[in-house]
>>> print(open('query_21.txt').read())   # compact mmCIF, C-alpha atoms
# COMPACT_ATOMS: atom_id res chain seq x y z
CA MET K 116 0.00 0.00 0.00
CA THR K 117 1.34 3.44 -0.95
CA LYS K 118 1.85 6.30 1.47
CA ALA K 119 -1.08 8.12 -0.11
CA GLY K 120 -3.28 5.06 0.40
CA LEU K 121 -2.16 4.78 4.02
CA GLY K 122 -2.93 8.44 4.55
CA ARG K 123 -6.42 8.09 3.07
CA ARG K 124 -7.13 5.01 5.19
CA ALA K 125 -5.86 6.74 8.34
CA GLY K 126 -8.09 9.71 7.63
CA LEU K 127 -11.04 7.39 7.04
CA VAL K 128 -10.41 5.63 10.36
CA VAL K 129 -10.27 8.96 12.19
CA VAL K 130 -13.54 10.09 10.62
CA GLY K 131 -15.15 6.70 11.31
CA THR K 132 -14.01 6.74 14.94
CA LEU K 133 -15.44 10.20 15.51
CA ALA K 134 -18.67 9.17 13.84
CA GLY K 135 -18.88 6.00 15.95
CA PHE K 136 -18.38 7.84 19.22
CA GLY K 137 -20.80 10.52 18.02
CA LEU K 138 -23.52 7.92 17.46
CA LEU K 139 -22.75 6.42 20.86
CA ALA K 140 -23.10 9.82 22.52
CA LEU K 141 -26.41 10.33 20.69
CA ALA K 142 -27.66 6.94 21.92
CA LEU K 143 -26.68 7.77 25.49
CA GLY K 144 -28.53 11.05 25.45
CA GLY K 145 -28.72 12.33 29.03
CA LYS K 146 -27.52 9.11 30.63
CA TRP K 147 -23.93 10.19 31.18
CA THR K 148 -24.34 10.08 34.95
CA ALA K 149 -25.53 6.47 34.81
CA LEU K 150 -22.58 5.64 32.54
CA THR K 151 -20.14 7.23 35.00
CA HIS K 152 -21.64 5.31 37.92
CA ALA K 153 -21.50 2.03 35.99
CA LEU K 154 -17.82 2.53 35.19
CA ALA K 155 -16.94 3.63 38.73
CA ALA K 156 -18.56 0.51 40.18
CA VAL K 157 -16.24 -1.86 38.33
CA PRO K 158 -13.47 -3.23 40.62
CA VAL K 159 -9.88 -2.77 39.54
CA ALA K 160 -9.35 -6.53 39.87
CA THR K 161 -12.08 -7.12 37.29
CA ILE K 162 -10.45 -4.71 34.86
CA ALA K 163 -7.07 -6.40 35.41
CA GLY K 164 -8.64 -9.82 34.83
CA ALA K 165 -10.26 -8.65 31.60
CA ALA K 166 -6.93 -7.23 30.39
CA LEU K 167 -5.25 -10.55 31.26
CA LEU K 168 -7.85 -12.41 29.22
CA GLN K 169 -7.14 -10.11 26.30
CA LEU K 170 -3.43 -10.84 26.67
CA ALA K 171 -4.15 -14.59 26.71
CA SER K 172 -6.28 -14.22 23.59
CA LEU K 173 -3.50 -12.39 21.73
CA VAL K 174 -0.90 -14.99 22.72
CA ALA K 175 -3.15 -17.85 21.58
CA ARG K 176 -3.77 -16.15 18.24
CA SER K 177 -0.04 -15.51 17.85
CA GLU K 178 0.59 -19.23 18.32
CA ALA K 179 -2.05 -20.02 15.69
CA TRP K 180 -0.25 -17.67 13.29
CA HIS K 181 3.07 -19.29 14.17
CA ARG K 182 1.60 -22.67 13.18
CA CYS K 183 0.50 -21.26 9.83
CA VAL K 184 3.88 -19.65 9.13
CA ARG K 185 5.76 -22.85 10.02
CA ALA K 186 3.48 -24.94 7.81
CA ALA K 187 4.20 -22.52 4.93
CA GLY K 188 7.94 -23.20 5.23
CA GLY K 189 8.95 -20.47 7.67
CA THR K 190 11.65 -21.20 10.24
CA VAL K 191 11.35 -17.99 12.25
CA ARG K 192 11.74 -18.44 16.01
CA ARG K 193 8.59 -18.38 18.11
CA ASP K 194 9.83 -15.49 20.28
CA GLN K 195 10.61 -13.38 17.20
CA LEU K 196 7.18 -13.98 15.73
CA TYR K 197 5.50 -13.20 19.05
CA ARG K 198 7.39 -9.91 19.31
CA VAL K 199 6.32 -8.93 15.80
CA ALA K 200 2.73 -10.00 16.46
CA SER K 201 2.60 -7.83 19.58
CA VAL K 202 3.43 -4.75 17.52
CA GLY K 203 0.74 -5.66 14.99
CA TYR K 204 -1.88 -6.10 17.70
CA LEU K 205 -1.14 -2.58 18.87
CA GLY K 206 -2.20 -1.51 15.38
CA ASN K 207 -5.41 -3.51 15.83
CA ILE K 208 -6.49 -0.97 18.44
CA VAL K 209 -6.92 1.47 15.57
CA ASN K 210 -7.91 -0.90 12.77
CA GLY K 211 -7.62 -4.62 12.13
CA GLU K 212 -6.29 -4.22 8.59
CA LEU K 213 -3.59 -1.84 9.83
CA GLY K 214 -2.50 -4.32 12.49
CA PHE K 215 -2.32 -7.15 9.94
CA ALA K 216 -0.23 -5.06 7.54
CA ILE K 217 2.16 -4.14 10.36
CA ARG K 218 2.60 -7.78 11.38
CA VAL K 219 3.37 -9.02 7.87
CA ALA K 220 5.73 -6.15 7.00
CA ALA K 221 7.55 -6.30 10.34
CA LEU K 222 8.07 -10.07 10.20
CA ARG K 223 9.53 -9.85 6.69
CA ARG K 224 11.83 -7.08 7.87
CA VAL K 225 12.99 -8.88 11.02
CA ALA K 226 13.53 -12.34 9.51
CA PRO K 227 13.50 -12.13 5.70
CA GLU K 228 15.46 -15.38 5.26
CA ARG K 229 13.34 -17.39 7.71
CA THR K 230 9.85 -16.44 6.56
CA PRO K 231 7.86 -17.24 3.41
CA LYS K 232 7.73 -14.72 0.60
CA LEU K 233 5.52 -11.68 1.15
CA GLY K 234 2.53 -13.03 -0.77
CA ALA K 235 2.58 -16.43 0.97
CA LEU K 236 3.13 -14.76 4.35
CA ALA K 237 0.08 -12.57 3.83
CA ILE K 238 -2.01 -15.62 2.93
CA THR K 239 -1.03 -17.36 6.20
CA GLU K 240 -3.66 -15.22 7.89
CA VAL K 241 -6.42 -16.67 5.71
CA PRO K 242 -6.68 -20.07 7.49
CA ILE K 243 -7.03 -18.28 10.84
CA VAL K 244 -9.73 -15.99 9.48
CA LEU K 245 -11.55 -18.99 7.98
CA VAL K 246 -11.56 -20.80 11.33
CA GLU K 247 -12.68 -17.65 13.14
CA ALA K 248 -15.44 -17.10 10.58
CA ALA K 249 -16.57 -20.74 10.79
CA LEU K 250 -16.71 -20.61 14.59
CA ALA K 251 -18.48 -17.26 14.46
CA ALA K 252 -20.98 -18.68 11.97
CA LEU K 253 -21.52 -21.64 14.26
CA VAL K 254 -22.53 -19.34 17.13
CA THR K 255 -24.51 -16.92 15.01
CA PHE K 256 -27.62 -18.41 16.62
CA THR K 257 -26.90 -16.03 19.50
CA LEU K 258 -27.86 -13.18 17.15
CA VAL K 259 -31.15 -14.73 16.07
CA GLY K 260 -33.06 -13.36 19.06
CA PRO K 261 -31.43 -9.90 19.48
CA LEU K 262 -31.56 -9.04 15.78
CA GLY K 263 -34.63 -11.05 14.73
CA LEU K 264 -32.67 -13.17 12.22
CA PRO K 265 -34.05 -16.36 10.65
CA TRP K 266 -33.23 -19.57 12.56
CA TRP K 267 -31.55 -21.22 9.58
CA LEU K 268 -29.01 -18.43 9.07
CA PRO K 269 -26.29 -19.92 11.38
CA ILE K 270 -26.46 -23.26 9.55
CA ALA K 271 -26.21 -21.56 6.17
CA CYS K 272 -23.28 -19.38 7.28
CA PHE K 273 -21.37 -22.34 8.65
CA ALA K 274 -21.97 -24.34 5.48
CA VAL K 275 -20.69 -21.46 3.36
CA MET K 276 -17.51 -21.08 5.43
CA ALA K 277 -16.85 -24.84 5.42
CA ALA K 278 -17.31 -24.97 1.65
CA LEU K 279 -15.02 -21.97 1.21
CA ALA K 280 -12.27 -23.55 3.31
CA LEU K 281 -12.56 -26.85 1.43
CA GLY K 282 -12.52 -25.07 -1.92
CA LEU K 283 -9.42 -23.04 -1.06
CA ARG K 284 -7.64 -26.17 0.17
CA ARG K 285 -8.33 -28.05 -3.05
CA LEU K 286 -7.32 -25.06 -5.17
CA ALA K 287 -4.06 -24.71 -3.22
CA LEU K 288 -3.32 -28.41 -3.71
CA ARG K 289 -4.04 -28.11 -7.41
CA ARG K 290 -1.50 -25.28 -7.59
CA GLY K 291 1.04 -27.47 -5.81
CA LEU K 292 1.12 -25.27 -2.69
CA ALA K 293 3.51 -22.99 -4.56
CA GLY K 294 3.77 -19.20 -4.62
CA TRP K 295 1.02 -17.43 -2.73
CA TRP K 296 -0.86 -20.70 -2.20
CA ARG K 297 1.93 -21.89 0.07
CA GLY K 298 0.36 -19.76 2.78
CA LEU K 299 -2.53 -22.26 2.92
CA SER K 300 -0.27 -25.24 3.63
CA VAL K 301 -1.60 -25.56 7.18
CA LEU K 302 -4.96 -26.62 5.72
CA HIS K 303 -3.28 -29.61 4.06
CA ASP K 304 -1.74 -31.03 7.25
CA PRO K 305 -4.49 -32.48 9.52
CA GLY K 306 -2.35 -32.27 12.66
CA GLN K 307 -1.20 -28.69 12.13
CA ARG K 308 -4.70 -27.68 11.05
CA ALA K 309 -6.23 -29.11 14.22
CA ARG K 310 -3.66 -27.46 16.49
CA MET K 311 -4.09 -24.11 14.74
CA ALA K 312 -7.89 -24.36 15.13
CA VAL K 313 -7.52 -25.17 18.84
CA PHE K 314 -5.50 -22.03 19.48
CA VAL K 315 -8.00 -19.93 17.52
CA LEU K 316 -10.78 -21.45 19.62
CA LEU K 317 -8.90 -20.66 22.84
CA SER K 318 -8.47 -17.08 21.66
CA MET K 319 -12.21 -16.75 21.03
CA ILE K 320 -13.10 -18.33 24.39
CA ALA K 321 -10.91 -15.77 26.17
CA GLN K 322 -12.71 -12.97 24.29
CA ILE K 323 -16.14 -14.36 25.18
CA LEU K 324 -15.19 -14.63 28.85
CA ARG K 325 -13.90 -11.06 28.80
CA ASN K 326 -17.19 -9.81 27.35
CA TRP K 327 -19.19 -11.73 29.93
CA ILE K 328 -17.09 -10.53 32.87
CA LEU K 329 -17.35 -6.89 31.79
CA LEU K 330 -21.11 -7.11 31.27
CA ARG K 331 -21.63 -8.61 34.71
CA ALA K 332 -19.27 -6.03 36.23
CA VAL K 333 -21.42 -3.10 35.07
CA GLY K 334 -24.58 -4.74 36.38
CA VAL K 335 -25.98 -6.20 33.14
CA ASP K 336 -27.60 -9.62 33.68
CA ALA K 337 -26.07 -11.13 30.55
CA SER K 338 -25.48 -14.76 29.65
CA VAL K 339 -22.51 -16.38 27.93
CA PHE K 340 -24.66 -16.45 24.78
CA ASP K 341 -25.05 -12.66 25.01
CA ALA K 342 -21.29 -12.30 25.37
CA THR K 343 -20.84 -14.53 22.32
CA ALA K 344 -23.30 -12.47 20.30
CA VAL K 345 -21.33 -9.34 21.18
CA LEU K 346 -18.12 -11.02 19.99
CA VAL K 347 -19.70 -11.84 16.62
CA ALA K 348 -21.06 -8.31 16.28
CA THR K 349 -17.63 -6.89 17.19
CA ALA K 350 -16.00 -8.97 14.47
CA VAL K 351 -18.54 -7.79 11.88
CA LEU K 352 -18.35 -4.13 12.89
CA GLY K 353 -14.55 -4.44 12.96
CA LEU K 354 -14.65 -4.62 9.17
CA LEU K 355 -15.75 -0.99 9.19
CA PRO K 356 -13.20 1.81 9.72
CA ILE K 357 -14.65 2.94 13.04
CA GLY K 358 -11.58 2.35 15.21
CA PRO K 359 -11.86 1.95 19.00
CA SER K 360 -15.63 2.63 18.95
CA VAL K 361 -16.23 -0.92 17.67
CA GLY K 362 -16.65 -2.49 21.10
CA ALA K 363 -19.08 0.05 22.48
CA GLY K 364 -21.09 0.04 19.25
CA ALA K 365 -21.39 -3.77 19.28
CA PHE K 366 -22.51 -3.81 22.93
CA VAL K 367 -25.18 -1.17 22.36
CA LEU K 368 -26.37 -2.79 19.12
CA ILE K 369 -26.83 -6.25 20.62
CA LEU K 370 -27.69 -5.56 24.25
CA GLY K 371 -29.03 -2.01 24.25
CA ALA K 372 -32.35 -3.27 25.60
CA HIS K 373 -30.60 -4.14 28.88
CA GLY K 374 -29.83 -0.46 29.46
CA VAL K 375 -27.78 1.72 27.13
CA ALA K 376 -25.62 3.23 29.87
CA GLY K 377 -24.54 -0.12 31.33
CA VAL K 378 -23.80 -1.87 28.05
CA ALA K 379 -22.05 1.23 26.68
CA GLY K 380 -19.87 1.24 29.78
CA ALA K 381 -19.04 -2.42 29.18
CA GLY K 382 -18.15 -1.55 25.59
CA LEU K 383 -15.83 1.24 26.69
CA LEU K 384 -14.20 -1.11 29.18
CA LEU K 385 -13.82 -3.63 26.37
CA ALA K 386 -11.86 -1.09 24.33
CA GLY K 387 -9.83 -0.02 27.36
CA THR K 388 -8.88 -3.50 28.53
CA GLY K 389 -8.14 -4.46 24.93
CA ALA K 390 -5.66 -1.60 24.71
CA VAL K 391 -4.12 -2.52 28.10
CA GLY K 392 -3.73 -6.15 27.05
CA ALA K 393 -2.09 -5.16 23.76
CA LEU K 394 0.24 -2.73 25.55
CA ALA K 395 1.21 -5.42 28.07
CA TYR K 396 1.99 -7.78 25.21
CA ALA K 397 4.09 -5.12 23.48
CA ALA K 398 5.87 -4.32 26.77
CA TRP K 399 6.82 -7.99 27.15
CA ALA K 400 8.07 -8.01 23.55
CA LEU K 401 10.22 -4.94 24.18
CA ALA K 402 11.64 -6.41 27.40
CA ASP K 403 12.37 -9.71 25.65
CA HIS K 404 14.08 -7.87 22.80
CA LEU K 405 16.23 -5.87 25.22
CA TRP K 406 17.11 -9.02 27.18
CA ASP K 407 18.07 -10.78 23.97
CA GLY K 408 20.23 -7.82 22.97
CA ARG K 409 21.86 -7.82 26.41
CA ALA K 410 22.67 -11.53 26.08
CA GLN K 411 24.23 -10.96 22.65
CA LEU K 412 26.29 -8.07 24.03
CA ASN K 413 27.49 -10.25 26.92
CA ARG K 414 28.53 -12.97 24.48
CA ARG K 415 30.47 -10.46 22.38
CA VAL K 416 32.23 -9.00 25.41
CA SER K 417 33.10 -12.48 26.72
CA HIS K 418 34.47 -13.49 23.31
CA HIS K 419 36.51 -10.29 23.13
CA VAL K 420 37.99 -10.90 26.62
CA ARG K 421 38.92 -14.49 25.78
CA THR K 422 40.50 -13.36 22.51
CA ARG K 423 42.60 -10.71 24.22
CA ARG K 424 43.77 -13.20 26.87
CA ALA K 425 44.77 -15.66 24.15
CA GLN K 426 46.64 -12.89 22.33
CA THR K 427 48.50 -11.93 25.49
CA ALA K 428 49.42 -15.57 26.23
CA ALA K 429 50.68 -16.07 22.67
CA GLY K 430 52.79 -12.94 22.92
CA GLY K 431 54.18 -14.10 26.27
CA VAL K 432 55.35 -17.41 24.80
CA GLY K 433 57.23 -15.60 22.06
CA ALA K 434 58.79 -13.15 24.51
CA ALA K 435 59.93 -15.95 26.83
CA LEU K 436 61.58 -17.87 24.01
CA THR K 437 63.25 -14.75 22.64
CA ALA K 438 64.81 -14.04 26.04
CA LEU K 439 66.58 -17.42 26.13
CA PRO K 440 70.15 -17.89 24.84
CA ILE K 441 70.29 -19.10 21.24
CA ASP K 442 71.55 -22.61 22.00
CA ARG K 443 69.02 -23.15 24.79
CA ARG K 444 66.22 -21.71 22.68
CA ARG K 445 67.09 -24.14 19.87
CA LEU K 446 67.00 -27.00 22.38
CA VAL K 447 63.53 -25.96 23.59
CA GLU K 448 62.29 -25.55 20.02
CA THR K 449 63.56 -29.01 19.08
CA THR K 450 62.44 -30.79 22.27
CA TYR K 451 58.99 -29.27 22.77
CA PHE K 452 57.97 -27.94 19.37
CA GLY K 453 59.59 -30.41 16.95
CA GLY K 454 62.07 -27.91 15.57
CA VAL K 455 59.57 -25.11 14.97
CA THR K 456 61.31 -21.79 15.57
CA HIS K 457 59.86 -19.25 17.94
CA GLU K 458 59.07 -16.93 15.00
CA GLN K 459 57.10 -19.71 13.31
CA LEU K 460 55.47 -20.60 16.64
CA ALA K 461 54.37 -17.01 17.10
CA ARG K 462 52.75 -17.04 13.67
CA ILE K 463 50.97 -20.34 14.49
CA LEU K 464 49.71 -19.25 17.90
CA PHE K 465 48.87 -15.73 16.90
CA PRO K 466 49.13 -14.55 13.28
CA TYR K 467 49.09 -10.89 14.39
CA HIS K 468 51.47 -8.92 16.51
CA GLY K 469 51.05 -5.73 18.48
CA ALA K 470 48.24 -7.12 20.65
CA SER K 471 49.83 -5.86 23.83
CA MET K 472 49.75 -2.32 22.42
CA GLY K 473 46.07 -2.55 21.57
CA ARG K 474 46.39 -2.88 17.80
CA LEU K 475 46.21 -5.77 15.36
CA GLU K 476 48.74 -5.78 12.53
CA PRO K 477 49.55 -8.65 10.16
CA ALA K 478 52.78 -10.40 11.15
>>> encode(input="query_21.txt", output="structure tokens")
Amino acid sequence: MTKAGLGRRAGLVVVGTLAGFGLLALALGGKWTALTHALAAVPVATIAGAALLQLASLVARSEAWHRCVRAAGGTVRRDQLYRVASVGYLGNIVNGELGFAIRVAALRRVAPERTPKLGALAITEVPIVLVEAALAALVTFTLVGPLGLPWWLPIACFAVMAALALGLRRLALRRGLAGWWRGLSVLHDPGQRARMAVFVLLSMIAQILRNWILLRAVGVDASVFDATAVLVATAVLGLLPIGPSVGAGAFVLILGAHGVAGVAGAGLLLAGTGAVGALAYAAWALADHLWDGRAQLNRRVSHHVRTRRAQTAAGGVGAALTALPIDRRRLVETTYFGGVTHEQLARILFPYHGASMGRLEPA
């Protein structure tokens, strides 16, 4: 994407975010006091727990992505991929597409030799999205009541997603899993596919629990099915460029009948804890990167110290032999070094001289 395109998308997200919060303010009307009370009543421990669930969800989704990248031929280390993913999930706070673009570009920049080509790497996200969409379609029945949808819609949605996944798998196999299609390799391996789907499921369960905890915290008598419906609505609204207002909008849209102030407060807490979880993930990534850099620096310093000690020892051997009388030095050279002269020995032990003066010059 060009800089001009990025600028237009950023501007669209800003406008969409303002519009989303504007609609939320309009829906609240004069209920700002009730919203404030609902937010103030939430314990700090509950907020911390919701942020921890968000962190767990991001880690599980990172592992699912790692499975897809490995199946596509990538050999990037898990810790490197997690660090890159954490930066991308910070971008998700603003917009999901922006976060995805950051993850792909950053991983190619950090480990270009250990990741698939750019096109294949971008496609590695498709299997995860397919699993998320299939699971979301499976639980779409939670939207039947709140939105008055037909009962058969969840079955139809799940059938469509299953057919799409099967069709993409067959098409990728027909293309020999080469080029861009290599990014779908995880769909060809039953074991990797199952493990990837499990981590995606764990990520979604953490999100559902977070929704449910926040709804109960603000006093809304919501069920797990309500929390699931909110998750599906959040995913759908997330396709729109409305930024951090997605969570609050989804809560009001699905559960507004339970009280706009309470569910709007839960939506705002959803956005807040999501940001805290992403920041905590990024903070871990930064600390891990600094620790890794410190370990590399320690290894370099230790290697340098050992090298200098070896240089000093080699120079000392040459100096000791030079100080001996010629006949005795010849005896030592013949007895201990097989006739190798001290000049030749110095070149063998240390092919540079001047180490003691802090410089390296060819001998």
>>> atom_distance(input="query_21.txt", atom1="atom CA of K:Arg310", atom2="atom CA of K:Ala175")
10.9 Å
>>> atom_distance(input="query_21.txt", atom1="atom CA of K:Ala166", atom2="atom CA of K:Leu150")
20.4 Å
>>> closest_residue(input="query_21.txt", among="K:Ala342, K:Ala398, K:Ala235, K:Leu439", to="K:Arg325", atoms="all atoms listed in the file")
K:Ala342
>>> closest_residue(input="query_21.txt", among="K:Leu222, K:Ile162, K:Val275, K:Ala332", to="K:Val191", atoms="only C-alpha atoms")
K:Leu222
>>> axis_aligned_box(input="query_21.txt", around="stretch 366-371 of chain K", padding_each_side="4 Å", output="JSON")
{"center_x": -25.8, "center_y": -3.7, "center_z": 21.7, "size_x": 14.5, "size_y": 13.1, "size_z": 13.1}
>>> atom_distance(input="query_21.txt", atom1="atom CA of K:Pro242", atom2="atom CA of K:Ala179")
9.4 Å
>>> closest_residue(input="query_21.txt", among="K:Pro269, K:Gly282, K:Ala287, K:Ala395", to="K:Tyr204", atoms="all atoms listed in the file")
K:Ala395
>>> residues_around(input="query_21.txt", residues="K:Ala365", least_positions_apart="6", cutoff="10 Å", atoms="only C-alpha atoms", output="list in words")
Ala344, Val345, Leu346, Val347, Ala348, Thr349, Ala350, Val351, Leu352, Gly353, Gly371, Val378, Ala379 and Gly382 of chain K
>>> closest_residue(input="query_21.txt", among="K:Arg443, K:Arg192, K:Arg284, K:Arg229", to="K:Val241", atoms="only C-alpha atoms")
K:Arg284
>>> closest_residue(input="query_21.txt", among="K:Arg415, K:Arg423, K:His152, K:Arg182", to="K:Leu302", atoms="all atoms listed in the file")
K:Arg182
>>> closest_residue(input="query_21.txt", among="K:Arg223, K:Val375, K:Cys272, K:Thr422", to="K:Trp147", atoms="only C-alpha atoms")
K:Val375
>>> residues_around(input="query_21.txt", residues="K:Tyr197", least_positions_apart="2", cutoff="8 Å", atoms="only C-alpha atoms", output="list in words")
Val174, Ser177, Glu178, Arg193, Asp194, Gln195, Val199, Ala200, Ser201 and Ala400 of chain K
>>> residues_around(input="query_21.txt", residues="K:Leu385", least_positions_apart="4", cutoff="12 Å", atoms="all atoms listed in the file", output="PyMOL selection string")
chain K and resi 154+161-166+168-169+208+322-330+332-333+342+345-346+349+359-366+378-381+389-392
>>> decode(input="query_21.txt", residues="stretch 352-415 of chain K", atoms="C-alpha atoms", output="compact mmCIF listing (two decimals), in the first residue's frame")
# COMPACT_ATOMS: atom_id res chain seq x y z
CA LEU K 352 -18.35 -4.13 12.89
CA GLY K 353 -14.55 -4.44 12.96
CA LEU K 354 -14.65 -4.62 9.17
CA LEU K 355 -15.75 -0.99 9.19
CA PRO K 356 -13.20 1.81 9.72
CA ILE K 357 -14.65 2.94 13.04
CA GLY K 358 -11.58 2.35 15.21
CA PRO K 359 -11.86 1.95 19.00
CA SER K 360 -15.63 2.63 18.95
CA VAL K 361 -16.23 -0.92 17.67
CA GLY K 362 -16.65 -2.49 21.10
CA ALA K 363 -19.08 0.05 22.48
CA GLY K 364 -21.09 0.04 19.25
CA ALA K 365 -21.39 -3.77 19.28
CA PHE K 366 -22.51 -3.81 22.93
CA VAL K 367 -25.18 -1.17 22.36
CA LEU K 368 -26.37 -2.79 19.12
CA ILE K 369 -26.83 -6.25 20.62
CA LEU K 370 -27.69 -5.56 24.25
CA GLY K 371 -29.03 -2.01 24.25
CA ALA K 372 -32.35 -3.27 25.60
CA HIS K 373 -30.60 -4.14 28.88
CA GLY K 374 -29.83 -0.46 29.46
CA VAL K 375 -27.78 1.72 27.13
CA ALA K 376 -25.62 3.23 29.87
CA GLY K 377 -24.54 -0.12 31.33
CA VAL K 378 -23.80 -1.87 28.05
CA ALA K 379 -22.05 1.23 26.68
CA GLY K 380 -19.87 1.24 29.78
CA ALA K 381 -19.04 -2.42 29.18
CA GLY K 382 -18.15 -1.55 25.59
CA LEU K 383 -15.83 1.24 26.69
CA LEU K 384 -14.20 -1.11 29.18
CA LEU K 385 -13.82 -3.63 26.37
CA ALA K 386 -11.86 -1.09 24.33
CA GLY K 387 -9.83 -0.02 27.36
CA THR K 388 -8.88 -3.50 28.53
CA GLY K 389 -8.14 -4.46 24.93
CA ALA K 390 -5.66 -1.60 24.71
CA VAL K 391 -4.12 -2.52 28.10
CA GLY K 392 -3.73 -6.15 27.05
CA ALA K 393 -2.09 -5.16 23.76
CA LEU K 394 0.24 -2.73 25.55
CA ALA K 395 1.21 -5.42 28.07
CA TYR K 396 1.99 -7.78 25.21
CA ALA K 397 4.09 -5.12 23.48
CA ALA K 398 5.87 -4.32 26.77
CA TRP K 399 6.82 -7.99 27.15
CA ALA K 400 8.07 -8.01 23.55
CA LEU K 401 10.22 -4.94 24.18
CA ALA K 402 11.64 -6.41 27.40
CA ASP K 403 12.37 -9.71 25.65
CA HIS K 404 14.08 -7.87 22.80
CA LEU K 405 16.23 -5.87 25.22
CA TRP K 406 17.11 -9.02 27.18
CA ASP K 407 18.07 -10.78 23.97
CA GLY K 408 20.23 -7.82 22.97
CA ARG K 409 21.86 -7.82 26.41
CA ALA K 410 22.67 -11.53 26.08
CA GLN K 411 24.23 -10.96 22.65
CA LEU K 412 26.29 -8.07 24.03
CA ASN K 413 27.49 -10.25 26.92
CA ARG K 414 28.53 -12.97 24.48
CA ARG K 415 30.47 -10.46 22.38
